[in-house]
Structures are given as structure tokens and as C-alpha cells.
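**Q** So I've got this file, input07.pdb, and it contains PDB, C-alpha atoms:
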MODEL        1
ATOM      1  CA  MET A 199     -30.047  -4.451  14.817
ATOM      2  CA  ASN A 200     -31.644  -1.582  16.774
ATOM      3  CA  LYS A 201     -33.769  -2.664  19.737
ATOM      4  CA  LEU A 202     -35.737  -0.581  22.244
ATOM      5  CA  ASN A 203     -36.692  -1.548  25.803
ATOM      6  CA  LEU A 204     -39.584   0.870  26.401
ATOM      7  CA  GLY A 205     -40.226   1.919  30.000
ATOM      8  CA  CYS A 206     -37.317  -0.238  31.114
ATOM      9  CA  GLY A 207     -37.347   0.608  34.811
ATOM     10  CA  LYS A 208     -34.519  -1.283  36.496
ATOM     11  CA  ASP A 209     -34.618  -3.999  33.781
ATOM     12  CA  ILE A 210     -31.638  -2.694  31.782
ATOM     13  CA  LYS A 211     -31.192  -5.088  28.846
ATOM     14  CA  ASP A 212     -27.898  -5.602  27.016
ATOM     15  CA  GLY A 213     -28.114  -4.838  23.305
ATOM     16  CA  TYR A 214     -31.119  -2.534  23.735
ATOM     17  CA  ILE A 215     -31.647   1.181  24.022
ATOM     18  CA  ASN A 216     -33.274   1.247  27.445
ATOM     19  CA  LEU A 217     -35.736   4.138  27.796
ATOM     20  CA  ASP A 218     -37.498   5.448  30.889
ATOM     21  CA  ILE A 219     -38.457   8.752  32.536
ATOM     22  CA  VAL A 220     -36.204   7.965  35.543
ATOM     23  CA  ASP A 221     -32.414   7.568  35.385
ATOM     24  CA  TYR A 222     -31.761   4.004  36.530
ATOM     25  CA  GLY A 223     -28.189   4.053  35.243
ATOM     26  CA  GLY A 224     -27.521   2.818  31.719
ATOM     27  CA  ASN A 225     -30.802   4.041  30.237
ATOM     28  CA  LYS A 226     -31.803   6.945  28.016
ATOM     29  CA  ILE A 227     -34.166   9.386  29.745
ATOM     30  CA  HIS A 228     -37.439  10.493  28.140
ATOM     31  CA  ASP A 229     -41.050  10.918  29.293
ATOM     32  CA  ILE A 230     -42.841   8.387  27.085
ATOM     33  CA  ASN A 231     -46.087  10.339  27.515
ATOM     34  CA  SER A 232     -44.358  13.129  25.562
ATOM     35  CA  PHE A 233     -44.345  12.919  21.769
ATOM     36  CA  PRO A 234     -42.484  12.480  19.539
ATOM     37  CA  TYR A 235     -40.012  10.046  21.022
ATOM     38  CA  PRO A 236     -36.358  10.994  20.384
ATOM     39  CA  PHE A 237     -35.884   8.558  17.497
ATOM     40  CA  GLU A 238     -36.150   8.736  13.724
ATOM     41  CA  GLU A 239     -38.916   7.028  11.764
ATOM     42  CA  ASN A 240     -38.356   3.337  10.978
ATOM     43  CA  TYR A 241     -35.414   3.132  13.383
ATOM     44  CA  PHE A 242     -36.040   0.007  15.457
ATOM     45  CA  ASP A 243     -36.059  -3.630  14.375
ATOM     46  CA  GLU A 244     -37.591  -4.623  17.714
ATOM     47  CA  ILE A 245     -39.476  -2.854  20.497
ATOM     48  CA  TYR A 246     -39.958  -4.582  23.849
ATOM     49  CA  ALA A 247     -42.713  -3.141  26.078
ATOM     50  CA  SER A 248     -43.275  -5.073  29.293
ATOM     51  CA  HIS A 249     -46.079  -3.872  31.570
ATOM     52  CA  ILE A 250     -45.788  -0.252  30.460
ATOM     53  CA  LEU A 251     -48.532   0.454  27.901
ATOM     54  CA  GLU A 252     -51.311   0.158  30.484
ATOM     55  CA  HIS A 253     -49.705   2.984  32.495
ATOM     56  CA  LEU A 254     -49.479   5.556  29.690
ATOM     57  CA  ASP A 255     -51.849   8.507  29.292
ATOM     58  CA  SER A 256     -52.943   7.635  25.741
ATOM     59  CA  PHE A 257     -52.723   4.083  24.415
ATOM     60  CA  HIS A 258     -53.617   5.301  20.913
ATOM     61  CA  LYS A 259     -50.921   8.005  20.788
ATOM     62  CA  SER A 260     -48.333   5.628  22.231
ATOM     63  CA  ILE A 261     -49.047   2.826  19.750
ATOM     64  CA  THR A 262     -49.042   5.323  16.885
ATOM     65  CA  GLU A 263     -45.611   6.541  18.000
ATOM     66  CA  LEU A 264     -44.272   2.997  18.317
ATOM     67  CA  TYR A 265     -45.517   2.315  14.787
ATOM     68  CA  ARG A 266     -43.637   5.424  13.599
ATOM     69  CA  ILE A 267     -40.282   4.372  15.069
ATOM     70  CA  LEU A 268     -40.592   0.645  14.254
ATOM     71  CA  LYS A 269     -39.194  -0.520  10.910
ATOM     72  CA  PRO A 270     -41.554  -2.150   8.425
ATOM     73  CA  ASN A 271     -41.805  -5.831   9.398
ATOM     74  CA  GLY A 272     -40.268  -4.965  12.774
ATOM     75  CA  ILE A 273     -41.243  -6.844  15.912
ATOM     76  CA  LEU A 274     -43.277  -5.304  18.732
ATOM     77  CA  ILE A 275     -43.244  -7.446  21.882
ATOM     78  CA  VAL A 276     -45.898  -6.439  24.430
ATOM     79  CA  TYR A 277     -46.575  -7.869  27.852
ATOM     80  CA  ALA A 278     -49.677  -6.545  29.594
ATOM     81  CA  PRO A 279     -51.912  -7.693  32.427
ATOM     82  CA  PHE A 280     -54.761 -10.004  31.555
ATOM     83  CA  PHE A 281     -57.649 -10.852  33.804
ATOM     84  CA  SER A 282     -59.359 -14.109  32.942
ATOM     85  CA  GLN A 283     -62.348 -13.803  35.247
ATOM     86  CA  HIS A 284     -64.933 -11.075  34.817
ATOM     87  CA  LYS A 285     -67.887 -10.214  36.984
ATOM     88  CA  ILE A 286     -70.720  -8.504  35.234
ATOM     89  CA  LEU A 287     -73.263  -6.778  37.398
ATOM     90  CA  TRP A 288     -76.584  -5.929  35.785
TER      91      TRP A 288
ENDMDL
END
Any chance you could give the structure as C-alpha cells?
**A**
Amino acid sequence: MNKLNLGCGKDIKDGYINLDIVDYGGNKIHDINSFPYPFEENYFDEIYASHILEHLDSFHKSITELYRILKPNGILIVYAPFFSQHKILW
């Protein structure tokens, strides 16, 4: 089973390809704002993206690239900030 930890930072996960722009030791290095990512189509069974998508230059390009490298019926796990209270000023 091929699993990707996208934008891993210092959270190096066992059993995953850990990918980040900075070398934290134990991770593959790639600027995830640069396309394509260094993986073949339909390569990953699972992609884990924790608090990274909101920092990327283009959400659309990034999601399209994740779709390209994720196997059909693969799992994309995303954690992103959510703000439950909104103030609307008119």
C-alpha cells in the first residue's frame, strides 16, 4: 500500500512517503507548489494532507494533482482550519 504524507513538516510518519520542501530528515524533498509532483499517475492508495492545502498557491492545481496521483477509490484525508463564527459587515 502506497501512502503519501503531503507537506509533512516534522511529522514524519512510518509507512508513508513523507514529502515537504524542507529536509526534515526522513522525507522526500519537493516544492508542492511545483507541478507535476514526482510520482506516477494512480500511485497512492492514501494521501494524508494535514493543514497544508490552505497554504498552497493554487488549491485547484493542487487538488487536480492529488487526483492524478491517487488511485481510483483511493483515500484522501484532509485536515484544514474551520471557523465556526462569521461576522458579516454590511
**Q** Quick one: of A:Lys269, A:Glu238, A:Ile261, A:Ala247, who's nearest to Gly207 in chain A, counting all atoms listed in the file?
**A**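 That would be A:Ala247, the residue with the smallest distance to Gly207 in chain A.
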**Q** Step by step, work through what the PyMOL selection byres ((chain A and resi 260) around 10) selects in the shown file, and finish by giving those residues as an MDAnalysis selection string.
**A** chainID A and resid 230:235 251 254:259 261:266
**Q** Can you spell out as a VMD selection string the set of residues that the PyMOL selection byres ((chain A and resi 206) around 6) selects in the structure I just provided?
**A** chain A and resid 203 to 205 207 209 216 to 218
**Q** Report, in Å with one decimal, the straight-line distance from CA of Pro270 in chain A to CA of Asn240 in chain A.
**A** 6.8 Å
**Q** Given all atoms listed in the file as the basis, pick out the residue of A:Ile215, A:Ile210, A:Leu268, A:Val276 nearest to Phe242 in chain A.
**A**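 Using all atoms listed in the file, Phe242 in chain A sits closest to A:Leu268.
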**Q** Using all atoms listed in the file, pick whichever of A:Pro236, A:Ile273, A:Ile267, A:Asp243 has the shortest atom-to-atom distance to Met199 in chain A.
**A**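 Of A:Pro236, A:Ile273, A:Ile267, A:Asp243, the one nearest Met199 in chain A is A:Asp243, counting all atoms listed in the file.
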**Q** For Lys208 in chain A, find every residue with an atom within 10 Å (counting all atoms listed in the file), except residues of its own chain fewer than 5 positions away, and show them as a PyMOL selection string.
**A** chain A and resi 216+218+220-225
**Q** Using only C-alpha atoms, please write the residues we just selected to a file, as a PDB file, keeping the file's coordinate frame.
**A**
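Saved as out-v6.pdb:
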ATOM      1  CA  ASN A 216     -33.274   1.247  27.445  1.00  0.00           C
ATOM      2  CA  ASP A 218     -37.498   5.448  30.889  1.00  0.00           C
ATOM      3  CA  VAL A 220     -36.204   7.965  35.543  1.00  0.00           C
ATOM      4  CA  ASP A 221     -32.414   7.568  35.385  1.00  0.00           C
ATOM      5  CA  TYR A 222     -31.761   4.004  36.530  1.00  0.00           C
ATOM      6  CA  GLY A 223     -28.189   4.053  35.243  1.00  0.00           C
ATOM      7  CA  GLY A 224     -27.521   2.818  31.719  1.00  0.00           C
ATOM      8  CA  ASN A 225     -30.802   4.041  30.237  1.00  0.00           C
TER       9      ASN A 225
END
**Q** Just give me the gap between CA of Tyr277 in chain A and CA of Tyr246 in chain A in Å, one decimal is fine.
**A**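 Between CA of Tyr277 in chain A and CA of Tyr246 in chain A the gap is 8.4 Å.
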